[in-house]
Structure formats: structure tokens, C-alpha cells
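Enquirer: First the structure, which I've put down as C-alpha cells, then a few questions once you've had a look.
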Amino acid sequence: MNFFRKKLIIKYYYPLKKEDAEGMFKKIPDNFPKYFFTIPKTMFNVERKKFVPYLTTIKTCPGFINLYKRSLLFTSPFDIYIELDDNKIISARAGRTDYVVASIHQGQQFLDYVPNNKEYKFILKINLPFLINSNVSMHMSESFYHFNQFNVLPGIIPSSYKGDINFFIPVKKEKNEIYIKKGDPLFLITPLCETGVKLKFKKIETNDTTYLTFSTLKKHILKNLI
């Protein structure tokens, strides 16, 4: 047995169940943007009416492929809807739960010191219901190729950190709401190592889960009899 194998343990708690926690993390090929599978390996030449082998697409780009081969895509474990005004959160909901999903990252922590900042009103902190325990450092970064309607600030989680995970969204001045659906891509987690990493999940006992989506129709609709 290799006691020194790299591992990433996710300790999840209310309002998540095991299937919710496991469903948050997508490995290759499920972490690719969906449109990636529609891209051919070579580009089509309209005049010649054929695909030209030396005109390649992102499908043959090692930088893109390796990013997703080495990374886990973290997706939202619940529906998130946040209403904002110029300086505060008006309301923030995580499905039909009472989980406190969002808070303001105070400007004095860094945004107030950004010179000539005319674009962002504040930084939004999104709280997640799980802790991380890993013996390898992790790089958290925006999955830019998913072209989300918001940005995520990057950072590195050292292997010495054992605690709650959250991420940060810089909010533009004209933006008054953020709506993220359960399963939407949020960010990438990339282990900073050259060896394999084992992913495990453990439950922290708290209250039972409630609905993680705004609509409960799928849970209660009856099947056709005919």
C-alpha cells in the first residue's frame, strides 16, 4: 500500500447529500465545455469544400487538452440566485434551503486599493458547504472556456490548509443579479503535482438536506400510465 499517495478528501455537509457532493466534481471528458465535442479537428475550407489537415482547431491544442486532463471542474451543487444593489446583497438563495450562500468581501481587504477601479463595485464571496483535506496543493482558477456570465478570482490552496472552500466573483457596477443553476460550471481545481490524485468524499453529520433547486416539479411529477 502506498501511504504517500496524493489524495483530495471532500468533507461535505448540510444541505448536501453524497450524490450532490459527488456530482459537483467533473473529470475528463465530462469537464470539457459541451460545445467542444462539436468542433472538428481541422477547419473546413469553403472554396475547396473540404476539411484541410494543416488548418487545425482547439481540438488539437495540448494546452487546452492538458488543462482539462489535469483538472477537476467544480459545478454548482445548488441553484443560486443573488440580488444586488450598489453596495450590498439584497437577497441570496441556495435552492430552497436556509444555507447562507453569499457575503460581501469587504473593499478594505483589497478592492479599495486597486488604482483607477471604475469597473467593479465589490467582490462577492460564495460560500460552499464542504471542506477540503488534501496532501497536495490545489490551484483554483476560472474555467474560462465555459464562457460564464461572471468571472472567478484565482488562488492556490496549500496542502497545509484543511477548511471550508469558497470562491470570489468580482461584481461589475451595472450588474444587479447573479443566477447560477445547479450543475453550472464554476471553476477548475488543478492539483499541483505530477502523480495521480485519489478523490474521496466524507459526510459531516448535520441537518438533513432540503431542496437544492428552486423548482421541485421533477421530484413530484407522476409518470405516464400509457
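Ligands are numbered from 1 in the order shown, chains are lettered A, B, ... in the order of the C-alpha cells, and residues start at 1 in each chain.
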Using only C-alpha atoms, which protein or nucleic acid residues come within 9 Å of Phe25 of chain A? Drop anything in the same chain fewer than 2 positions from it, and give the result as a list in words.
Expert: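 Here the answer would be Ala21, Glu22, Gly23, Lys27, Asn31, Leu72, Leu73, Phe74 and Thr75 of chain A.
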Enquirer: Residues of segment 83-145 of chain A that approach segment 33-51 of chain A to 10 Å or less, counting only C-alpha atoms: could you list each one with the shortest pair of atoms and its distance in Å to one decimal, rows by chain and increasing residue number, as JSON lines?
Expert:
```
{"residue": "A:Ser143", "atom": "CA", "partner": "A:Pro33", "partner_atom": "CA", "distance": 9.2}
{"residue": "A:Phe144", "atom": "CA", "partner": "A:Pro33", "partner_atom": "CA", "distance": 9.8}
{"residue": "A:Tyr145", "atom": "CA", "partner": "A:Pro33", "partner_atom": "CA", "distance": 6.8}
```
Enquirer: Store the residues picked out above, limited to N, CA and C atoms, as a PDB file, in the first residue's frame.
Expert:
```
ATOM      1  N   SER A 143     -12.709  28.591 -15.163  1.00  0.00           N
ATOM      2  CA  SER A 143     -12.777  27.765 -16.362  1.00  0.00           C
ATOM      3  C   SER A 143     -13.230  28.652 -17.507  1.00  0.00           C
ATOM      4  N   PHE A 144     -12.307  29.446 -18.022  1.00  0.00           N
ATOM      5  CA  PHE A 144     -12.637  30.482 -18.994  1.00  0.00           C
ATOM      6  C   PHE A 144     -13.352  29.935 -20.220  1.00  0.00           C
ATOM      7  N   TYR A 145     -12.983  28.717 -20.649  1.00  0.00           N
ATOM      8  CA  TYR A 145     -13.537  28.164 -21.891  1.00  0.00           C
ATOM      9  C   TYR A 145     -15.027  27.851 -21.791  1.00  0.00           C
TER      10      TYR A 145
END
```
Enquirer: Using only C-alpha atoms, pick whichever of A:Ser76, A:Asn87, A:Thr57, A:Thr97 has the shortest atom-to-atom distance to Pro15 of chain A.
Expert: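 Ranked by minimum distance to Pro15 of chain A, first place goes to A:Thr97.
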Enquirer: Give me, please, the distance in Å between atom CA of Lys200 of chain A and atom CA of Ala94 of chain A, quoted to one decimal.
Expert: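 Atom-to-atom, atom CA of Lys200 of chain A to atom CA of Ala94 of chain A, that is 24.3 Å.
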Enquirer: Hey, what's within 10 Å of Asp20 of chain A if we count only C-alpha atoms and toss same-chain stuff fewer than 6 positions away? As a list in words, please?
Expert: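 Once the nearby chain positions are removed, what remains is Tyr12, Ser76, Pro77, Phe78, Lys182, Gly183 and Leu212 of chain A.
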Enquirer: Please, could you write that set of residues out with C-alpha atoms as a compact mmCIF listing (two decimals), in the first residue's frame?
Expert:
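Once written, out_6.txt looks like this:
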```txt
# COMPACT_ATOMS: atom_id res chain seq x y z
CA TYR A 12 -19.46 17.75 2.72
CA SER A 76 -22.68 24.36 -8.59
CA PRO A 77 -24.29 21.96 -6.09
CA PHE A 78 -27.49 24.02 -5.98
CA LYS A 182 -27.44 23.51 -10.22
CA GLY A 183 -24.76 21.83 -12.34
CA LEU A 212 -31.28 22.29 -3.83
```
